[in-house]
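J.: Structure file structure.txt (compact mmCIF, C-alpha atoms) is given on the next line.
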```
# COMPACT_ATOMS: atom_id res chain seq x y z
CA MET A 1 -31.10 54.03 27.75
CA LEU A 2 -27.45 53.19 28.29
CA THR A 3 -27.96 49.75 26.75
CA ALA A 4 -29.64 51.36 23.71
CA LEU A 5 -26.67 53.73 23.30
CA VAL A 6 -24.28 50.78 23.39
CA MET A 7 -26.29 49.00 20.70
CA VAL A 8 -25.93 52.03 18.40
CA ALA A 9 -22.16 52.02 19.01
CA PHE A 10 -21.95 48.31 18.18
CA ALA A 11 -23.89 48.85 14.95
CA ALA A 12 -21.57 51.72 14.03
CA ASN A 13 -18.63 49.34 14.41
CA SER A 14 -20.01 47.12 11.66
CA VAL A 15 -20.49 50.06 9.31
CA LEU A 16 -17.13 51.73 10.08
CA ASN A 17 -15.12 48.52 9.69
CA ARG A 18 -16.92 47.60 6.48
CA TRP A 19 -16.17 51.13 5.24
CA ALA A 20 -12.46 50.83 6.07
CA VAL A 21 -11.84 47.25 4.84
CA PHE A 22 -14.23 46.97 1.90
CA GLY A 23 -14.79 50.62 0.97
CA ALA A 24 -11.23 51.91 1.34
CA GLY A 25 -9.49 48.60 0.70
CA LEU A 26 -7.35 48.59 3.85
CA GLY A 27 -6.05 45.25 5.07
CA PRO A 28 -7.91 43.55 7.96
CA ALA A 29 -4.80 43.25 10.15
CA TYR A 30 -3.94 46.92 9.58
CA VAL A 31 -7.48 47.97 10.52
CA ALA A 32 -7.28 45.77 13.63
CA VAL A 33 -4.06 47.52 14.74
CA LEU A 34 -5.63 50.96 14.21
CA ARG A 35 -8.80 49.96 16.02
CA LEU A 36 -7.17 48.35 19.04
CA GLY A 37 -4.38 50.93 19.30
CA SER A 38 -6.66 53.98 19.19
CA GLY A 39 -9.12 52.33 21.56
CA ALA A 40 -6.34 51.50 24.01
CA ALA A 41 -4.96 55.06 23.92
CA VAL A 42 -8.32 56.67 24.68
CA LEU A 43 -9.26 54.17 27.37
CA LEU A 44 -5.91 54.32 29.16
CA LEU A 45 -6.01 58.13 29.22
CA LEU A 46 -9.55 58.08 30.62
CA THR A 47 -8.65 55.50 33.24
CA LEU A 48 -5.57 57.39 34.41
CA ALA A 49 -7.44 60.72 34.48
CA LEU A 50 -10.55 59.47 36.26
CA ARG A 51 -9.35 56.58 38.41
CA GLY A 52 -5.57 56.65 38.69
CA ALA A 53 -2.91 54.07 37.82
CA LYS A 54 -3.75 51.77 40.76
CA THR A 55 -7.06 50.77 39.15
CA LEU A 56 -5.16 49.05 36.32
CA ARG A 57 -4.17 46.24 38.69
CA LEU A 58 -6.86 43.68 37.99
CA ALA A 59 -7.07 39.92 38.46
CA PRO A 60 -4.87 38.20 35.83
CA SER A 61 -7.56 35.59 35.17
CA VAL A 62 -10.15 38.23 34.26
CA VAL A 63 -7.73 40.22 32.10
CA GLY A 64 -6.29 37.12 30.40
CA VAL A 65 -9.68 35.82 29.30
CA GLY A 66 -10.71 39.34 28.29
CA VAL A 67 -7.65 39.83 26.05
CA ALA A 68 -7.97 36.41 24.40
CA THR A 69 -11.68 36.72 23.66
CA LEU A 70 -11.36 40.35 22.51
CA PHE A 71 -8.65 39.40 20.01
CA LEU A 72 -10.67 36.42 18.78
CA TYR A 73 -13.54 38.81 18.07
CA ILE A 74 -11.30 41.43 16.39
CA PHE A 75 -9.59 38.79 14.21
CA GLY A 76 -12.78 37.27 12.83
CA PHE A 77 -14.62 40.58 12.58
CA SER A 78 -11.85 42.44 10.71
CA ILE A 79 -11.52 39.83 7.96
CA ALA A 80 -15.24 39.17 7.61
CA SER A 81 -16.02 42.89 7.30
CA GLY A 82 -14.48 42.83 3.83
CA LEU A 83 -16.44 39.78 2.72
CA ILE A 84 -20.08 40.38 3.70
CA ASP A 85 -22.40 43.41 3.94
CA ALA A 86 -22.56 45.41 7.18
CA GLY A 87 -26.15 44.38 7.97
CA VAL A 88 -25.63 40.68 7.23
CA GLY A 89 -22.33 40.76 9.09
CA ALA A 90 -23.91 42.28 12.18
CA LEU A 91 -26.72 39.75 11.92
CA THR A 92 -24.30 36.82 11.80
CA LEU A 93 -22.21 38.28 14.61
CA PHE A 94 -25.01 38.84 17.07
CA GLY A 95 -26.85 35.67 16.16
CA SER A 96 -23.70 33.86 17.25
CA VAL A 97 -23.46 36.09 20.33
CA GLN A 98 -27.07 35.21 21.19
CA ILE A 99 -26.33 31.49 21.18
CA THR A 100 -23.09 31.91 23.15
CA MET A 101 -24.59 34.11 25.87
CA LEU A 102 -27.76 32.05 26.31
CA ALA A 103 -25.52 28.98 26.64
CA GLY A 104 -23.51 30.89 29.23
CA ALA A 105 -26.69 31.78 31.13
CA LEU A 106 -27.62 28.09 31.25
CA VAL A 107 -24.14 27.09 32.43
CA MET A 108 -24.34 29.72 35.18
CA ARG A 109 -27.82 28.41 36.08
CA GLU A 110 -29.33 31.84 35.65
CA PRO A 111 -33.15 31.72 35.67
CA ILE A 112 -34.60 32.46 32.22
CA SER A 113 -38.29 33.36 32.04
CA ARG A 114 -40.64 31.83 29.47
CA TRP A 115 -41.12 35.25 27.85
CA ARG A 116 -37.38 35.55 27.39
CA TRP A 117 -37.27 32.18 25.65
CA ILE A 118 -40.26 33.12 23.46
CA GLY A 119 -38.73 36.50 22.66
CA ALA A 120 -35.38 34.93 21.80
CA GLY A 121 -37.09 32.42 19.50
CA LEU A 122 -39.06 35.15 17.71
CA ALA A 123 -35.99 37.33 17.31
CA LEU A 124 -33.91 34.44 15.99
CA SER A 125 -36.60 33.67 13.43
CA GLY A 126 -36.23 37.26 12.23
CA LEU A 127 -32.47 36.77 11.98
CA ALA A 128 -32.95 33.57 9.98
CA LEU A 129 -35.24 35.41 7.56
CA LEU A 130 -32.71 38.21 7.03
CA LEU A 131 -29.89 35.70 6.61
CA LEU A 132 -31.46 34.11 3.53
CA PRO A 133 -29.31 34.85 0.45
CA ALA A 134 -30.41 37.92 -1.47
CA GLY A 135 -31.64 37.18 -4.98
CA GLY A 136 -30.62 33.55 -4.68
CA GLY A 137 -26.92 34.46 -4.36
CA PRO A 138 -24.99 32.70 -1.58
CA ILE A 139 -23.30 34.53 1.27
CA ASP A 140 -19.53 34.15 1.29
CA PRO A 141 -19.01 31.06 3.50
CA ARG A 142 -15.62 32.24 4.73
CA GLY A 143 -17.06 35.60 5.74
CA PHE A 144 -20.00 33.93 7.46
CA GLY A 145 -17.76 31.50 9.35
CA LEU A 146 -15.30 34.16 10.49
CA MET A 147 -18.10 36.47 11.63
CA ALA A 148 -19.67 33.58 13.57
CA LEU A 149 -16.27 32.98 15.20
CA ALA A 150 -16.14 36.68 16.08
CA GLY A 151 -19.58 36.33 17.66
CA ILE A 152 -18.39 33.49 19.88
CA GLY A 153 -15.44 35.63 20.94
CA TRP A 154 -17.66 38.62 21.71
CA GLY A 155 -20.18 36.50 23.61
CA LEU A 156 -17.43 35.07 25.82
CA TYR A 157 -15.94 38.56 26.23
CA SER A 158 -19.32 39.88 27.40
CA LEU A 159 -19.79 37.04 29.88
CA ASN A 160 -16.28 37.61 31.24
CA GLY A 161 -17.04 41.32 31.59
CA ARG A 162 -19.68 40.55 34.21
CA ARG A 163 -16.85 39.52 36.55
CA SER A 164 -15.15 42.91 36.39
CA ARG A 165 -15.46 45.39 39.27
CA ASP A 166 -13.97 48.27 37.26
CA PRO A 167 -15.34 48.28 33.70
CA LEU A 168 -13.24 51.18 32.42
CA ALA A 169 -9.91 49.85 33.71
CA ALA A 170 -10.70 46.32 32.52
CA THR A 171 -11.56 47.50 29.00
CA ALA A 172 -8.42 49.67 28.87
CA LEU A 173 -6.20 46.75 29.83
CA ASN A 174 -7.93 44.40 27.40
CA PHE A 175 -7.37 46.80 24.50
CA ALA A 176 -3.80 47.62 25.50
CA LEU A 177 -2.74 43.97 25.86
CA ALA A 178 -4.59 42.85 22.70
CA THR A 179 -2.81 45.49 20.58
CA PRO A 180 0.56 43.61 20.49
CA LEU A 181 -1.31 40.51 19.27
CA ALA A 182 -2.67 42.60 16.40
CA PHE A 183 0.87 43.78 15.56
CA ILE A 184 2.03 40.15 15.47
CA TRP A 185 -0.86 39.34 13.13
CA LEU A 186 0.10 42.34 10.95
CA ALA A 187 3.72 41.16 10.75
CA VAL A 188 2.80 37.56 9.94
CA ALA A 189 0.18 38.56 7.36
CA GLN A 190 2.54 41.17 5.82
CA ASP A 191 -0.52 43.39 5.55
CA GLN A 192 0.80 46.94 5.38
CA GLY A 193 -2.60 48.44 4.75
CA GLN A 194 -2.47 49.26 1.04
CA GLY A 195 -5.64 51.07 0.06
CA GLU A 196 -7.21 54.51 0.19
CA THR A 197 -5.71 56.56 3.01
CA TRP A 198 -9.09 58.02 4.02
CA GLY A 199 -9.97 54.55 5.33
CA ILE A 200 -7.75 55.25 8.33
CA TRP A 201 -10.37 57.63 9.75
CA PRO A 202 -13.30 55.21 10.06
CA ALA A 203 -10.88 52.64 11.50
CA LEU A 204 -9.69 55.12 14.14
CA ALA A 205 -13.27 56.21 14.91
CA SER A 206 -14.22 52.58 15.37
CA GLY A 207 -11.36 52.11 17.82
CA ALA A 208 -11.46 55.31 19.85
CA ILE A 209 -15.20 55.99 19.94
CA THR A 210 -17.54 53.12 19.08
CA SER A 211 -15.20 50.37 20.34
CA GLY A 212 -13.23 51.90 23.21
CA LEU A 213 -15.89 54.09 24.76
CA GLY A 214 -18.70 51.79 23.67
CA TYR A 215 -17.13 48.72 25.27
CA ALA A 216 -16.32 50.61 28.47
CA LEU A 217 -19.99 51.54 28.73
CA TRP A 218 -20.98 47.95 27.92
CA TYR A 219 -18.84 46.65 30.79
CA ARG A 220 -20.57 49.24 32.99
CA VAL A 221 -24.05 48.03 31.98
CA LEU A 222 -23.43 44.27 31.94
CA PRO A 223 -23.34 43.65 35.72
CA GLN A 224 -26.77 45.30 36.04
CA ILE A 225 -28.68 43.13 33.53
CA PRO A 226 -29.12 39.35 33.15
CA ALA A 227 -26.87 37.61 30.60
CA SER A 228 -29.90 36.32 28.69
CA LEU A 229 -31.38 39.82 28.40
CA ALA A 230 -28.02 41.22 27.30
CA ALA A 231 -27.94 38.61 24.55
CA ILE A 232 -31.44 39.44 23.33
CA ALA A 233 -30.89 43.21 23.40
CA GLN A 234 -27.94 42.79 21.04
CA LEU A 235 -30.29 41.38 18.40
CA SER A 236 -31.30 44.97 17.60
CA VAL A 237 -27.77 45.71 16.34
CA PRO A 238 -28.15 44.07 12.88
CA ILE A 239 -31.20 46.21 12.19
CA ILE A 240 -29.38 49.41 13.15
CA ALA A 241 -26.29 48.34 11.18
CA ALA A 242 -28.35 47.56 8.08
CA LEU A 243 -29.86 51.05 8.20
CA GLY A 244 -26.39 52.57 8.63
CA GLY A 245 -25.09 50.48 5.73
CA ALA A 246 -27.91 51.73 3.55
CA VAL A 247 -27.16 55.39 4.34
CA ILE A 248 -23.35 55.32 4.30
CA LEU A 249 -22.43 52.36 2.10
CA ALA A 250 -25.46 52.29 -0.24
CA GLU A 251 -26.15 48.67 0.78
CA ILE A 252 -29.92 48.96 0.49
CA PRO A 253 -31.90 46.30 2.42
CA GLU A 254 -34.68 44.38 0.69
CA ALA A 255 -38.36 44.42 1.64
CA ARG A 256 -37.88 41.33 3.79
CA PHE A 257 -35.56 43.41 5.95
CA TRP A 258 -38.56 45.23 7.40
CA LEU A 259 -40.33 41.98 8.27
CA SER A 260 -37.14 40.77 9.91
CA ALA A 261 -36.91 44.04 11.84
CA ALA A 262 -40.46 43.59 13.14
CA LEU A 263 -39.67 40.05 14.31
CA VAL A 264 -36.39 41.02 15.98
CA LEU A 265 -37.72 44.10 17.75
CA GLY A 266 -40.92 42.26 18.70
CA GLY A 267 -38.83 39.51 20.22
CA ILE A 268 -36.84 42.01 22.26
CA ALA A 269 -40.11 43.57 23.50
CA LEU A 270 -41.47 40.19 24.58
CA SER A 271 -38.25 39.37 26.40
CA LEU A 272 -38.82 42.36 28.66
CA LYS A 273 -42.11 40.96 30.00
CA ARG A 274 -42.04 39.58 33.51
CA GLY A 275 -43.32 36.16 34.50
```
Do you think you could lay out the structure here as structure tokens?
T.:
Amino acid sequence: MLTALVMVAFAANSVLNRWAVFGAGLGPAYVAVLRLGSGAAVLLLLTLALRGAKTLRLAPSVVGVGVATLFLYIFGFSIASGLIDAGVGALTLFGSVQITMLAGALVMREPISRWRWIGAGLALSGLALLLLPAGGGPIDPRGFGLMALAGIGWGLYSLNGRRSRDPLAATALNFALATPLAFIWLAVAQDQGQGETWGIWPALASGAITSGLGYALWYRVLPQIPASLAAIAQLSVPIIAALGGAVILAEIPEARFWLSAALVLGGIALSLKRG
């Protein structure tokens, strides 16, 4: 149930960022600053209130990798959100995450059952179907490439999170230390966030709620599930994001979306079989 809740939060990130960057016209770097800054504020307050300041002293190697991979994800995701639809963006993101985390499971020599391989293959076939250009029109290659880069960053961030003994403190530090990198990006890009001011609110919600709290919960769940299963579970996010995009952004999925949904969710179900 906790994993399912995290998947909803991840899908909401795709919709909220698309809403802020594409819908409101805010700059990607500006949205990244709002997202990381609000997430860091909420997470640091929670950590101090629930655990105390001493819990913020974590291994530099874990924090360093966490900050670098989190910023890589935020950088690619923020720009790509303005270039491709929420559902397609989430699909590209978590397809890339799937490949990264399964590769990580192999590197770590984690046993992967035949049903998990079959389920992953079925789910990926559903992703491939959904990824086909709508109406013969091509997907923006820059948006696709940047979202794939974000997926690699998120996959590595998730694998690194399995090493953390305190998920909340680790996530708070990652957000806090990644925020200055976003400010540097904002200064270099000279992106002052011109656009509709209401776009600030979905950006802040993405940072404080669906990113900050969602990622803290994800770090809490990750040590309890295999890396390969974590990768496959995330394949449900594009389906949830596409539905959210249809309701909030009027990005209505085609009929093939439902076939893709059946393949993805069927693959996740198969991956849960034992043996």
J.: Counting all atoms listed in the file, which residue out of A:Ala170, A:Ala68, A:Ala187, A:Leu44 sits closest to A:Trp218?
T.: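 Using all atoms listed in the file, A:Trp218 sits closest to A:Ala170.
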J.: Write out as number ranges by chain which residues come within 10 Å of stretch 17-27 of chain A when counting only C-alpha atoms, dropping same-chain ones fewer than 2 positions away.
T.: A: 12-15, 29-32, 35, 77-87, 89, 186, 189-207, 245, 248-249
J.: Give as number ranges by chain every residue, naming chains and numbers as the document does, that has an atom within 12 Å of (-14.9, 51.0, 22.1), counting all atoms listed in the file.
T.: A: 6-13, 35-44, 70, 74, 167-168, 171-172, 174-175, 203-219
J.: From (-41.9, 39.9, 20.5), in the file's coordinates, out to 10 Å: which residues are reached, counting only C-alpha atoms? Answer as a JSON list (two decimals) with C-alpha atoms, in the coordinates of the input.
T.:
```json
[["chain", "number", "residue", "atom", "x", "y", "z"],
["A", 115, "TRP", "CA", -41.12, 35.25, 27.85],
["A", 116, "ARG", "CA", -37.38, 35.55, 27.39],
["A", 118, "ILE", "CA", -40.26, 33.12, 23.46],
["A", 119, "GLY", "CA", -38.73, 36.50, 22.66],
["A", 120, "ALA", "CA", -35.38, 34.93, 21.80],
["A", 121, "GLY", "CA", -37.09, 32.42, 19.50],
["A", 122, "LEU", "CA", -39.06, 35.15, 17.71],
["A", 123, "ALA", "CA", -35.99, 37.33, 17.31],
["A", 262, "ALA", "CA", -40.46, 43.59, 13.14],
["A", 263, "LEU", "CA", -39.67, 40.05, 14.31],
["A", 264, "VAL", "CA", -36.39, 41.02, 15.98],
["A", 265, "LEU", "CA", -37.72, 44.10, 17.75],
["A", 266, "GLY", "CA", -40.92, 42.26, 18.70],
["A", 267, "GLY", "CA", -38.83, 39.51, 20.22],
["A", 268, "ILE", "CA", -36.84, 42.01, 22.26],
["A", 269, "ALA", "CA", -40.11, 43.57, 23.50],
["A", 270, "LEU", "CA", -41.47, 40.19, 24.58],
["A", 271, "SER", "CA", -38.25, 39.37, 26.40],
["A", 272, "LEU", "CA", -38.82, 42.36, 28.66],
["A", 273, "LYS", "CA", -42.11, 40.96, 30.00]]
```
J.: Could you check which of A:Leu235, A:Leu127, A:Ile184, A:Leu102 is closest to A:Arg256, using only C-alpha atoms?
T.: A:Leu127
J.: Identify which of the residues A:Ala241, A:Leu229, A:Val88, A:Ala246 lies closest to A:Ser113, counting only C-alpha atoms when measuring atom-to-atom distances.
T.: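 Under the stated criterion, the closest residue is A:Leu229.
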J.: I need the residue nearest A:Ser228 from this list: A:Ala261, A:Met101, A:Leu56, A:Leu156. Use all atoms listed in the file for the distance.
T.: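 Comparing A:Ala261, A:Met101, A:Leu56, A:Leu156 against A:Ser228, the winner is A:Met101.
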J.: What does the structure give for the distance between atom CA of A:Gly153 and atom CA of A:Ile99, in Å to one decimal?
T.: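 Distance reported for this atom pair: 11.7 Å.
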J.: Can you tell me which residues surround A:Thr100 at a distance of at most 9 Å, considering all atoms listed in the file, apart from same-chain residues fewer than 2 positions away, and format the answer as a list in words?
T.: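 My reading of the contact set: Gly95, Ser96, Val97, Gln98, Leu102, Ala103, Gly104, Ala105, Gly151, Ile152, Gly153, Trp154, Gly155, Leu156 and Ala231 of chain A.
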J.: Report, in Å to a single decimal, how far apart atom CA of A:Leu159 and atom CA of A:Thr69 are.
T.: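 Computed distance, atom CA of A:Thr69 to atom CA of A:Leu159, equals 10.2 Å.
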J.: Report, in Å with one decimal, the straight-line distance from atom CA of A:Val33 to atom CA of A:Ala182.
T.: 5.4 Å
J.: Which is closest to A:Gly76 among A:Pro180, A:Pro238, A:Gly145, A:Gly244, if we use only C-alpha atoms?
T.: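 Looking at the shortest contact to A:Gly76, the residue is A:Gly145.
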J.: Closest to A:Ala230 among A:Ser158, A:Ser164, A:Thr92, A:Ser125, using all atoms listed in the file?
T.: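 Closest to A:Ala230, using all atoms listed in the file: A:Ser158.
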